[in-house]
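Pasting model14.txt here (compact mmCIF, C-alpha atoms):
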```
# COMPACT_ATOMS: atom_id res chain seq x y z
CA MET A 1054 94.79 119.31 70.23
CA LEU A 1055 91.20 120.38 70.82
CA GLN A 1056 90.03 123.93 71.37
CA HIS A 1057 88.53 124.61 74.79
CA SER A 1058 86.05 127.19 75.95
CA ASN A 1059 87.94 128.55 78.96
CA LEU A 1060 91.67 128.64 79.50
CA LYS A 1061 92.56 126.32 82.35
CA ARG A 1062 95.54 125.49 84.53
CA ILE A 1063 96.72 121.89 84.58
CA ALA A 1064 99.17 120.58 87.18
CA LEU A 1065 101.89 118.32 85.74
CA THR A 1066 104.03 116.03 87.91
CA PRO A 1067 107.19 114.59 86.28
CA GLY A 1068 107.22 111.41 88.38
CA GLU A 1069 110.46 109.48 88.97
CA PRO A 1070 113.27 112.02 88.45
CA ALA A 1071 115.69 109.47 87.00
CA GLY A 1072 113.17 108.24 84.42
CA ILE A 1073 111.59 109.69 81.30
CA GLY A 1074 109.04 111.86 83.14
CA PRO A 1075 111.22 114.99 83.05
CA ASP A 1076 111.98 114.32 79.35
CA LEU A 1077 108.25 114.16 78.61
CA CYS A 1078 107.55 117.43 80.45
CA ILE A 1079 110.29 119.16 78.46
CA ALA A 1080 108.98 117.68 75.20
CA LEU A 1081 105.48 118.91 76.09
CA ALA A 1082 106.87 122.41 76.60
CA GLN A 1083 108.07 122.42 72.98
CA ALA A 1084 104.50 122.14 71.64
CA SER A 1085 103.56 125.02 69.34
CA ALA A 1086 100.19 125.52 71.01
CA LEU A 1087 98.43 124.23 74.11
CA PRO A 1088 94.92 125.36 75.07
CA CYS A 1089 95.86 125.62 78.74
CA GLN A 1090 98.55 126.70 81.15
CA VAL A 1091 100.67 123.73 82.19
CA VAL A 1092 102.28 124.09 85.61
CA ALA A 1093 105.08 121.64 86.33
CA ILE A 1094 105.40 120.78 90.02
CA ALA A 1095 109.06 119.84 90.02
CA SER A 1096 112.66 120.71 90.69
CA PRO A 1097 113.73 123.57 88.38
CA ALA A 1098 117.32 122.31 88.43
CA LEU A 1099 116.21 118.84 87.34
CA LEU A 1100 114.26 120.14 84.35
CA GLU A 1101 116.99 122.58 83.34
CA ASP A 1102 119.70 119.92 83.53
CA ARG A 1103 117.61 117.42 81.56
CA ALA A 1104 116.79 120.04 78.90
CA LYS A 1105 120.51 120.67 78.42
CA GLN A 1106 121.10 116.92 78.17
CA LEU A 1107 118.38 116.69 75.52
CA GLY A 1108 119.51 119.82 73.69
CA LEU A 1109 116.05 121.42 73.95
CA PRO A 1110 115.16 125.00 74.89
CA LEU A 1111 113.43 125.50 78.22
CA ARG A 1112 112.45 128.74 79.91
CA LEU A 1113 110.98 128.33 83.38
CA SER A 1114 108.78 130.94 85.01
CA ASP A 1115 107.68 130.83 88.64
CA PHE A 1116 104.02 129.98 88.93
CA ALA A 1117 101.94 132.78 90.43
CA SER A 1118 98.68 131.35 91.73
CA LYS A 1119 96.88 134.71 91.74
CA SER A 1120 97.77 135.55 88.16
CA PRO A 1121 95.38 134.63 85.34
CA ALA A 1122 96.24 131.49 83.38
CA LEU A 1123 98.42 132.40 80.42
CA THR A 1124 98.52 130.88 76.96
CA HIS A 1125 101.39 128.55 76.22
CA GLN A 1126 104.46 129.61 74.24
CA PRO A 1127 106.85 126.96 72.80
CA GLY A 1128 109.75 126.27 75.14
CA ASP A 1129 108.06 127.96 78.12
CA LEU A 1130 106.92 126.14 81.23
CA ALA A 1131 105.45 127.51 84.44
CA ILE A 1132 106.86 125.82 87.51
CA LEU A 1133 105.89 125.38 91.13
CA PRO A 1134 109.28 124.51 92.63
CA VAL A 1135 109.94 121.42 94.74
CA GLU A 1136 113.58 120.81 95.64
CA LEU A 1137 115.30 117.45 95.31
CA PRO A 1138 116.97 115.96 98.40
CA ALA A 1139 119.74 114.32 96.34
CA PRO A 1140 121.36 114.81 92.92
CA VAL A 1141 119.80 112.89 90.03
CA LYS A 1142 121.78 110.57 87.78
CA THR A 1143 119.77 109.91 84.65
CA GLY A 1144 118.56 106.32 84.53
CA ARG A 1145 119.68 105.48 88.10
CA LEU A 1146 117.13 105.18 90.88
CA ASN A 1147 117.84 106.79 94.23
CA ALA A 1148 115.57 106.08 97.20
CA ALA A 1149 116.60 109.43 98.73
CA ASN A 1150 114.44 111.20 96.12
CA SER A 1151 111.25 109.25 96.85
CA ARG A 1152 110.11 111.90 99.32
CA TYR A 1153 110.40 114.46 96.52
CA VAL A 1154 108.14 112.38 94.25
CA LEU A 1155 105.45 112.12 96.92
CA LYS A 1156 105.71 115.83 97.69
CA THR A 1157 105.06 116.75 94.04
CA LEU A 1158 101.97 114.52 94.02
CA THR A 1159 100.72 116.00 97.28
CA LYS A 1160 101.09 119.58 96.03
CA ALA A 1161 99.33 118.79 92.75
CA THR A 1162 96.48 116.98 94.50
CA GLN A 1163 95.98 119.69 97.09
CA GLY A 1164 96.05 122.32 94.33
CA CYS A 1165 93.23 120.51 92.54
CA VAL A 1166 91.21 120.20 95.75
CA LYS A 1167 91.56 123.95 96.35
CA GLY A 1168 90.51 124.75 92.77
CA LEU A 1169 93.93 126.11 91.84
CA PHE A 1170 94.18 123.56 89.03
CA ALA A 1171 91.41 122.17 86.83
CA ALA A 1172 93.12 118.77 86.73
CA MET A 1173 96.40 116.98 87.33
CA VAL A 1174 98.38 114.94 84.82
CA THR A 1175 101.03 112.57 86.11
CA ALA A 1176 104.15 111.12 84.53
CA PRO A 1177 105.25 107.64 85.69
CA VAL A 1178 106.61 106.89 89.14
CA HIS A 1179 108.65 103.87 90.27
CA LYS A 1180 106.66 102.10 92.99
CA GLY A 1181 109.54 99.84 94.03
CA ILE A 1182 112.01 102.60 94.88
CA ILE A 1183 109.34 104.52 96.85
CA ASN A 1184 108.68 101.42 98.94
CA ASP A 1185 112.42 100.84 99.31
CA ALA A 1186 112.61 104.31 100.86
CA GLY A 1187 110.22 103.17 103.60
CA TYR A 1188 106.97 104.62 102.27
CA GLU A 1189 103.90 102.42 101.87
CA PHE A 1190 102.95 103.18 98.27
CA SER A 1191 100.86 101.00 95.97
CA GLY A 1192 100.38 103.57 93.22
CA HIS A 1193 99.21 107.03 92.18
CA THR A 1194 95.54 106.08 92.45
CA GLU A 1195 95.59 104.98 96.07
CA PHE A 1196 97.91 107.81 97.14
CA ILE A 1197 95.73 110.52 95.60
CA ALA A 1198 92.54 108.94 96.94
CA GLY A 1199 94.10 108.95 100.40
CA ILE A 1200 94.24 112.75 100.19
CA THR A 1201 90.95 113.45 98.39
CA GLY A 1202 88.67 110.64 99.46
CA GLY A 1203 86.36 109.02 96.93
CA HIS A 1204 86.25 105.53 95.44
CA PRO A 1205 88.84 105.30 92.66
CA VAL A 1206 88.11 103.32 89.52
CA MET A 1207 90.82 102.77 86.90
CA MET A 1208 89.98 103.38 83.25
CA LEU A 1209 92.33 103.48 80.28
CA ALA A 1210 91.33 105.24 77.09
CA THR A 1211 92.69 105.55 73.57
CA PRO A 1212 90.85 106.97 70.55
CA GLY A 1213 87.95 104.61 69.87
CA LEU A 1214 88.12 102.56 73.07
CA ARG A 1215 87.67 103.00 76.84
CA VAL A 1216 88.25 100.12 79.26
CA ALA A 1217 87.48 100.32 82.98
CA LEU A 1218 88.36 97.69 85.58
CA VAL A 1219 86.46 96.12 88.48
CA THR A 1220 89.68 94.84 90.09
CA ILE A 1221 93.17 96.16 89.41
CA HIS A 1222 96.43 94.83 90.84
CA LEU A 1223 95.37 91.51 92.33
CA PRO A 1224 96.78 88.00 91.86
CA LEU A 1225 94.51 86.08 89.52
CA ALA A 1226 93.73 83.62 92.32
CA ASP A 1227 92.14 86.47 94.33
CA VAL A 1228 90.02 88.05 91.60
CA SER A 1229 86.87 85.95 91.90
CA LYS A 1230 86.31 86.55 95.59
CA ALA A 1231 87.00 90.27 95.12
CA ILE A 1232 84.08 90.61 92.68
CA THR A 1233 81.20 91.12 95.10
CA HIS A 1234 77.75 92.53 94.53
CA ASN A 1235 78.66 95.75 96.34
CA ARG A 1236 81.98 96.27 94.57
CA LEU A 1237 80.60 95.62 91.11
CA ARG A 1238 77.56 97.84 91.74
CA GLN A 1239 79.74 100.70 93.00
CA VAL A 1240 82.20 100.49 90.10
CA ILE A 1241 79.42 100.55 87.50
CA ARG A 1242 77.72 103.50 89.16
CA ILE A 1243 80.99 105.47 89.19
CA LEU A 1244 81.73 104.57 85.58
CA ASP A 1245 78.24 105.60 84.45
CA HIS A 1246 78.37 108.83 86.48
CA ASP A 1247 81.77 109.94 85.23
CA LEU A 1248 81.02 109.14 81.59
CA ARG A 1249 78.00 111.45 81.92
CA CYS A 1250 79.46 114.14 84.18
CA ARG A 1251 83.08 114.22 82.98
CA PHE A 1252 82.84 113.12 79.35
CA GLY A 1253 79.49 114.65 78.43
CA ILE A 1254 77.84 111.37 77.34
CA GLU A 1255 74.12 111.73 78.03
CA LYS A 1256 73.31 108.02 78.40
CA PRO A 1257 76.45 105.86 78.33
CA LYS A 1258 76.34 102.43 76.76
CA ILE A 1259 78.54 100.13 78.85
CA LEU A 1260 79.54 96.60 77.83
CA VAL A 1261 80.31 94.29 80.76
CA CYS A 1262 82.65 91.32 80.47
CA GLY A 1263 81.92 88.02 82.13
CA LEU A 1264 84.58 86.67 84.46
CA ASN A 1265 84.83 83.14 83.09
CA PRO A 1266 85.46 81.81 79.58
CA HIS A 1267 82.30 82.12 77.46
CA ALA A 1268 80.83 84.21 80.31
CA GLY A 1269 80.44 81.05 82.36
CA GLU A 1270 78.49 79.10 79.71
CA ASN A 1271 75.30 78.97 81.79
CA GLY A 1272 77.16 77.85 84.89
CA TYR A 1273 79.21 75.04 83.36
CA LEU A 1274 82.40 77.15 83.50
CA GLY A 1275 81.70 79.04 86.72
CA ARG A 1276 78.77 80.65 88.51
CA GLU A 1277 80.02 84.21 89.08
CA GLU A 1278 77.99 85.46 86.12
CA ILE A 1279 74.78 83.86 87.43
CA ASP A 1280 75.25 84.59 91.13
CA ILE A 1281 76.84 88.05 91.05
CA ILE A 1282 77.20 89.81 87.69
CA GLU A 1283 73.75 89.23 86.19
CA PRO A 1284 71.80 90.24 89.34
CA VAL A 1285 73.81 93.46 89.67
CA LEU A 1286 73.30 94.36 86.00
CA THR A 1287 69.57 93.67 86.23
CA GLY A 1288 69.20 95.92 89.26
CA LEU A 1289 71.11 98.79 87.63
CA ARG A 1290 69.21 98.44 84.35
CA ASN A 1291 66.01 98.87 86.38
CA GLN A 1292 67.49 102.19 87.55
CA GLY A 1293 67.90 103.34 83.93
CA MET A 1294 71.48 102.39 83.08
CA ASP A 1295 72.29 101.06 79.59
CA LEU A 1296 74.29 97.91 80.30
CA ASP A 1297 74.98 94.96 78.03
CA GLY A 1298 76.37 91.76 79.48
CA PRO A 1299 77.86 89.72 80.90
CA LEU A 1300 79.48 89.09 77.52
CA PRO A 1301 82.36 86.71 76.71
CA ALA A 1302 85.65 88.62 76.89
CA ASP A 1303 87.02 86.86 73.81
CA THR A 1304 84.36 88.43 71.56
CA ILE A 1305 83.39 91.65 73.36
CA PHE A 1306 86.31 93.54 71.78
CA THR A 1307 85.01 93.17 68.23
CA PRO A 1308 83.36 95.83 66.04
CA LYS A 1309 79.96 94.14 66.43
CA TYR A 1310 79.95 95.26 70.06
CA LEU A 1311 82.41 98.14 70.25
CA ASN A 1312 80.72 100.17 67.50
CA ARG A 1313 77.78 100.77 69.84
CA ALA A 1314 79.64 101.15 73.14
CA ASP A 1315 81.00 104.07 75.14
CA ALA A 1316 83.08 101.88 77.46
CA VAL A 1317 83.90 98.29 78.30
CA LEU A 1318 84.05 97.09 81.90
CA ALA A 1319 86.55 94.26 82.42
CA MET A 1320 86.59 92.13 85.55
CA TYR A 1321 90.38 92.15 85.99
CA HIS A 1322 93.54 93.88 84.78
CA ASP A 1323 94.75 91.48 82.11
CA GLN A 1324 91.28 90.79 80.75
CA GLY A 1325 90.83 94.27 79.31
CA LEU A 1326 94.12 96.14 79.18
CA PRO A 1327 96.05 93.95 76.70
CA VAL A 1328 93.42 94.76 74.06
CA LEU A 1329 93.52 98.48 74.78
CA LYS A 1330 97.31 98.61 74.77
CA HIS A 1331 97.48 96.63 71.54
CA LYS A 1332 95.19 99.23 69.99
CA GLY A 1333 96.79 102.36 71.39
CA PHE A 1334 99.95 101.84 73.47
CA GLY A 1335 101.86 105.10 73.66
CA LYS A 1336 98.72 107.02 72.63
CA ALA A 1337 96.52 106.15 75.59
CA ALA A 1338 95.70 107.74 78.94
CA ASN A 1339 95.21 106.22 82.36
CA ILE A 1340 92.23 107.92 84.01
CA THR A 1341 91.19 107.74 87.65
CA LEU A 1342 87.41 107.90 87.97
CA GLY A 1343 85.49 108.25 91.21
CA LEU A 1344 87.58 111.06 92.73
CA PRO A 1345 86.45 114.62 93.51
CA ILE A 1346 89.30 115.85 91.27
CA ILE A 1347 90.36 115.05 87.70
CA ARG A 1348 93.51 112.99 87.30
CA THR A 1349 94.96 111.42 84.17
CA SER A 1350 98.31 109.80 83.50
CA VAL A 1351 100.46 108.14 80.88
CA ASP A 1352 99.97 104.50 79.95
CA HIS A 1353 103.61 103.43 80.46
CA GLY A 1354 106.37 103.17 83.03
CA THR A 1355 109.52 105.10 83.89
CA ALA A 1356 111.64 103.64 81.04
CA LEU A 1357 114.91 104.38 82.84
CA GLU A 1358 116.95 103.22 79.87
CA LEU A 1359 115.42 105.94 77.65
CA ALA A 1360 115.87 108.84 80.06
CA GLY A 1361 118.03 111.58 78.60
CA THR A 1362 118.32 109.89 75.19
CA GLY A 1363 115.72 111.96 73.34
CA LEU A 1364 113.90 108.74 72.37
CA ALA A 1365 110.99 109.04 74.82
CA ASP A 1366 107.68 109.41 72.99
CA PRO A 1367 105.43 112.12 74.52
CA GLY A 1368 102.31 110.81 72.73
CA SER A 1369 100.72 109.31 75.83
CA LEU A 1370 101.38 112.44 77.91
CA LEU A 1371 99.81 114.62 75.21
CA TYR A 1372 96.74 112.37 75.10
CA ALA A 1373 96.53 112.39 78.91
CA LEU A 1374 96.57 116.19 78.84
CA GLU A 1375 93.92 116.33 76.11
CA THR A 1376 91.76 113.88 78.07
CA ALA A 1377 92.11 115.93 81.25
CA LEU A 1378 90.95 119.03 79.38
CA ILE A 1379 87.95 117.20 77.91
CA MET A 1380 86.99 116.05 81.40
CA ALA A 1381 87.46 119.54 82.83
CA ASP A 1382 85.34 121.08 80.08
CA ASN A 1383 82.48 118.62 80.66
CA HIS A 1384 82.69 118.49 84.45
CA HIS A 1385 79.38 118.83 86.27
CA ASP A 1386 77.69 116.96 89.12
```
Would you mind writing the structure in this file as C-alpha cells?
Amino acid sequence: MLQHSNLKRIALTPGEPAGIGPDLCIALAQASALPCQVVAIASPALLEDRAKQLGLPLRLSDFASKSPALTHQPGDLAILPVELPAPVKTGRLNAANSRYVLKTLTKATQGCVKGLFAAMVTAPVHKGIINDAGYEFSGHTEFIAGITGGHPVMMLATPGLRVALVTIHLPLADVSKAITHNRLRQVIRILDHDLRCRFGIEKPKILVCGLNPHAGENGYLGREEIDIIEPVLTGLRNQGMDLDGPLPADTIFTPKYLNRADAVLAMYHDQGLPVLKHKGFGKAANITLGLPIIRTSVDHGTALELAGTGLADPGSLLYALETALIMADNHHD
C-alpha cells in the first residue's frame, strides 16, 4: 500500500449482505497498516456475526464525524451503523434487505458530497434482488449519479492498464446508434479531465478503439469510424488532447501501443473489459469518472457461494481502496 500525504477517511459499503461484501470488509480490517481511516457504513450485527463465522477478530468503534481521522489498527473498523430490516442468512438473498443496501449507498454518497469522506469504496451489490424488491436500480453508477449529478463514465484499472467505456450495459444491437458525436466527445473529455485532475497525469495519452473489425477498414466494414469517431478525435486533438485512433481493437491491446498509453477507450463493454480482466481479475478496480465525488469498487460480483467460507479474495477491494486514495491525493479541478 502506498504512503499518502494526509490521512483521509474513506467510506466503505459492504454491498449485498448475503454475499462476500461483509467478508471482504472484515478481511480489510485485518490489514497490518492502512494509510487512511476506513469507515464501514453497515449493520454492526452483520459484521460481527460474519466475523465469528469466519473466525476473525473484529472490534467495531462508532464513527465520530467530528473526531480527527485515526490510523488503522489490525482488527479495528470504524462503523457508521445502518440497521438491517431482516436477518441475514449467508449466501441466501432476501429482498427485504434491499432497502438497507440502498441506504448504505445513500449515506456514503451524501458523506462524500458533504466532505465527510474523501472517497467511497463499494463492495458488490445484487441488482436483481434490489429490483425484485420494487426499486428501479440499474447499478451503483447510475444510483450514485442520481444523488450527485455529473456524467458518469466507467473505467476499470489494474496495474499497467486502464480501460474506459463509451457505452456500458447495452445489447450489442444497440451499441452503434448509441455512439453519437456528442456522447463520444463528452466521454473523452471526462476521461482526459479525470486522468489529469484525479490521477495526476499532466497530458494523458489515450488510445481509442474503432467500433468495427479492423477499425472499419476504410468504410468496407462499417462507417462509424469515418462518420463519427474520426471527426470527434480530430476536433479534440485541435483542442490539445493526445488521442490515437481509431485503432483496431484486436491489436490495440499489444505492447506496441500500450507501452505509450495512459488509458484505452473501448466503444462497448465486451470490447475492452475481457482483456483487462484477463490481465488483472481479482486485482482490478472499477472506477466511476465524471462525478463530483470519488468512487471506486471491486471488479467482481457478490459470489454468494463463497460468503462465510473464508475463500473470498480481498485483492480487488484492496486495489480499489488504493486507487481511491491515489485519486484523493491528486484531486484538483
From A:Thr1304, A:Asn1312, A:Thr1287, A:Ser1229, residue lying nearest A:Gly1325 [only C-alpha atoms] = A:Thr1304
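Residues surrounding stretch 1338-1341 of chain A within 7 Å are Thr1194, Pro1205, Val1206, Met1207, Met1208, Leu1209, Ala1210, Thr1211, Arg1348, Thr1349, Ser1350, Val1351, Asp1352, Ser1369, Tyr1372 and Ala1373 of chain A [only C-alpha atoms; sequence separation below 6 positions excluded].
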request  = For A:Gly1343, work out the shell of residues within 12 Å, counting all atoms listed in the file and skipping chain neighbours fewer than 3 positions away, then give it as a PyMOL selection string.
outcome  = chain A and resi 1194-1195+1197-1198+1201-1208+1217+1239-1248+1250-1251+1340+1346-1348+1386
ask   = Which is closest to A:Ile1063 among A:Gly1272, A:Asn1383, A:Ile1094, A:Thr1355, if we use all atoms listed in the file?
value =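 Among the listed residues, A:Ile1094 lies closest to A:Ile1063.
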key: Among the residues A:Ala1337, A:Cys1089, A:Ala1080, A:Ala1071, the one that comes closest to A:Ala1139 [using only C-alpha atoms]   = A:Ala1071
inquiry  = Just the number, please: distance in Å from atom CA of A:Arg1062 to atom CA of A:Leu1344, one decimal.
reply    =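 Computed distance, atom CA of A:Arg1062 to atom CA of A:Leu1344, equals 18.4 Å.
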Taking the structure in the block just given, could you write stretch 1219-1256 of chain A with N, CA and C atoms, as an mmCIF file, in the first residue's frame?
```
data_model
loop_
_atom_site.group_PDB
_atom_site.id
_atom_site.type_symbol
_atom_site.label_atom_id
_atom_site.label_comp_id
_atom_site.auth_asym_id
_atom_site.auth_seq_id
_atom_site.Cartn_x
_atom_site.Cartn_y
_atom_site.Cartn_z
ATOM 1 N N VAL A 1219 -17.213 3.784 -23.701
ATOM 2 C CA VAL A 1219 -18.153 4.758 -24.242
ATOM 3 C C VAL A 1219 -19.582 4.341 -23.924
ATOM 4 N N THR A 1220 -19.906 3.061 -24.117
ATOM 5 C CA THR A 1220 -21.200 2.514 -23.734
ATOM 6 C C THR A 1220 -20.960 1.391 -22.731
ATOM 7 N N ILE A 1221 -21.957 1.107 -21.903
ATOM 8 C CA ILE A 1221 -21.731 0.123 -20.839
ATOM 9 C C ILE A 1221 -22.657 -1.074 -21.028
ATOM 10 N N HIS A 1222 -23.797 -1.075 -20.360
ATOM 11 C CA HIS A 1222 -24.651 -2.257 -20.350
ATOM 12 C C HIS A 1222 -25.765 -2.105 -21.385
ATOM 13 N N LEU A 1223 -25.368 -2.270 -22.645
ATOM 14 C CA LEU A 1223 -26.312 -2.214 -23.754
ATOM 15 C C LEU A 1223 -26.249 -3.510 -24.553
ATOM 16 N N PRO A 1224 -27.397 -3.965 -25.101
ATOM 17 C CA PRO A 1224 -27.323 -5.063 -26.069
ATOM 18 C C PRO A 1224 -26.432 -4.661 -27.243
ATOM 19 N N LEU A 1225 -25.713 -5.608 -27.782
ATOM 20 C CA LEU A 1225 -24.791 -5.302 -28.872
ATOM 21 C C LEU A 1225 -25.510 -4.638 -30.051
ATOM 22 N N ALA A 1226 -26.755 -5.022 -30.284
ATOM 23 C CA ALA A 1226 -27.516 -4.458 -31.394
ATOM 24 C C ALA A 1226 -27.777 -2.959 -31.223
ATOM 25 N N ASP A 1227 -27.656 -2.451 -29.989
ATOM 26 C CA ASP A 1227 -27.945 -1.037 -29.734
ATOM 27 C C ASP A 1227 -26.697 -0.165 -29.637
ATOM 28 N N VAL A 1228 -25.523 -0.777 -29.688
ATOM 29 C CA VAL A 1228 -24.293 -0.029 -29.435
ATOM 30 C C VAL A 1228 -24.029 1.020 -30.499
ATOM 31 N N SER A 1229 -24.138 0.657 -31.761
ATOM 32 C CA SER A 1229 -23.761 1.575 -32.833
ATOM 33 C C SER A 1229 -24.539 2.876 -32.768
ATOM 34 N N LYS A 1230 -25.855 2.784 -32.613
ATOM 35 C CA LYS A 1230 -26.636 4.024 -32.601
ATOM 36 C C LYS A 1230 -26.442 4.834 -31.326
ATOM 37 N N ALA A 1231 -25.884 4.193 -30.273
ATOM 38 C CA ALA A 1231 -25.613 4.923 -29.031
ATOM 39 C C ALA A 1231 -24.313 5.723 -29.110
ATOM 40 N N ILE A 1232 -23.449 5.414 -30.082
ATOM 41 C CA ILE A 1232 -22.181 6.130 -30.215
ATOM 42 C C ILE A 1232 -22.402 7.342 -31.121
ATOM 43 N N THR A 1233 -22.748 8.444 -30.508
ATOM 44 C CA THR A 1233 -23.003 9.694 -31.222
ATOM 45 C C THR A 1233 -21.819 10.639 -31.060
ATOM 46 N N HIS A 1234 -21.794 11.668 -31.869
ATOM 47 C CA HIS A 1234 -20.738 12.677 -31.736
ATOM 48 C C HIS A 1234 -20.715 13.252 -30.325
ATOM 49 N N ASN A 1235 -21.882 13.622 -29.814
ATOM 50 C CA ASN A 1235 -21.936 14.269 -28.504
ATOM 51 C C ASN A 1235 -21.504 13.323 -27.389
ATOM 52 N N ARG A 1236 -21.971 12.084 -27.438
ATOM 53 C CA ARG A 1236 -21.628 11.133 -26.375
ATOM 54 C C ARG A 1236 -20.134 10.832 -26.376
ATOM 55 N N LEU A 1237 -19.583 10.564 -27.542
ATOM 56 C CA LEU A 1237 -18.165 10.243 -27.632
ATOM 57 C C LEU A 1237 -17.317 11.426 -27.184
ATOM 58 N N ARG A 1238 -17.685 12.630 -27.616
ATOM 59 C CA ARG A 1238 -16.935 13.829 -27.239
ATOM 60 C C ARG A 1238 -16.966 14.031 -25.718
ATOM 61 N N GLN A 1239 -18.127 13.857 -25.122
ATOM 62 C CA GLN A 1239 -18.262 14.044 -23.679
ATOM 63 C C GLN A 1239 -17.457 13.015 -22.891
ATOM 64 N N VAL A 1240 -17.513 11.746 -23.308
ATOM 65 C CA VAL A 1240 -16.773 10.699 -22.612
ATOM 66 C C VAL A 1240 -15.275 10.958 -22.674
ATOM 67 N N ILE A 1241 -14.768 11.348 -23.839
ATOM 68 C CA ILE A 1241 -13.329 11.598 -23.962
ATOM 69 C C ILE A 1241 -12.911 12.795 -23.127
ATOM 70 N N ARG A 1242 -13.712 13.819 -23.092
ATOM 71 C CA ARG A 1242 -13.381 14.991 -22.269
ATOM 72 C C ARG A 1242 -13.321 14.621 -20.780
ATOM 73 N N ILE A 1243 -14.278 13.814 -20.328
ATOM 74 C CA ILE A 1243 -14.284 13.391 -18.924
ATOM 75 C C ILE A 1243 -13.074 12.515 -18.632
ATOM 76 N N LEU A 1244 -12.775 11.593 -19.517
ATOM 77 C CA LEU A 1244 -11.629 10.709 -19.326
ATOM 78 C C LEU A 1244 -10.339 11.519 -19.257
ATOM 79 N N ASP A 1245 -10.149 12.443 -20.189
ATOM 80 C CA ASP A 1245 -8.949 13.277 -20.193
ATOM 81 C C ASP A 1245 -8.876 14.126 -18.921
ATOM 82 N N HIS A 1246 -9.984 14.726 -18.533
ATOM 83 C CA HIS A 1246 -10.015 15.579 -17.336
ATOM 84 C C HIS A 1246 -9.657 14.799 -16.082
ATOM 85 N N ASP A 1247 -10.276 13.627 -15.902
ATOM 86 C CA ASP A 1247 -10.055 12.886 -14.659
ATOM 87 C C ASP A 1247 -8.678 12.233 -14.606
ATOM 88 N N LEU A 1248 -8.115 11.863 -15.744
ATOM 89 C CA LEU A 1248 -6.737 11.375 -15.726
ATOM 90 C C LEU A 1248 -5.781 12.482 -15.279
ATOM 91 N N ARG A 1249 -6.074 13.724 -15.675
ATOM 92 C CA ARG A 1249 -5.233 14.842 -15.254
ATOM 93 C C ARG A 1249 -5.514 15.248 -13.808
ATOM 94 N N CYS A 1250 -6.787 15.389 -13.460
ATOM 95 C CA CYS A 1250 -7.180 16.002 -12.191
ATOM 96 C C CYS A 1250 -7.419 15.008 -11.069
ATOM 97 N N ARG A 1251 -7.419 13.712 -11.356
ATOM 98 C CA ARG A 1251 -7.590 12.718 -10.301
ATOM 99 C C ARG A 1251 -6.455 11.697 -10.267
ATOM 100 N N PHE A 1252 -5.696 11.622 -11.337
ATOM 101 C CA PHE A 1252 -4.570 10.687 -11.369
ATOM 102 C C PHE A 1252 -3.228 11.407 -11.530
ATOM 103 N N GLY A 1253 -3.251 12.701 -11.684
ATOM 104 C CA GLY A 1253 -2.013 13.472 -11.732
ATOM 105 C C GLY A 1253 -1.208 13.295 -12.998
ATOM 106 N N ILE A 1254 -1.854 12.920 -14.116
ATOM 107 C CA ILE A 1254 -1.159 12.745 -15.391
ATOM 108 C C ILE A 1254 -1.260 14.062 -16.170
ATOM 109 N N GLU A 1255 -0.142 14.697 -16.417
ATOM 110 C CA GLU A 1255 -0.145 16.061 -16.958
ATOM 111 C C GLU A 1255 -0.781 16.146 -18.336
ATOM 112 N N LYS A 1256 -0.416 15.226 -19.236
ATOM 113 C CA LYS A 1256 -1.024 15.207 -20.570
ATOM 114 C C LYS A 1256 -1.295 13.751 -20.945
#
```
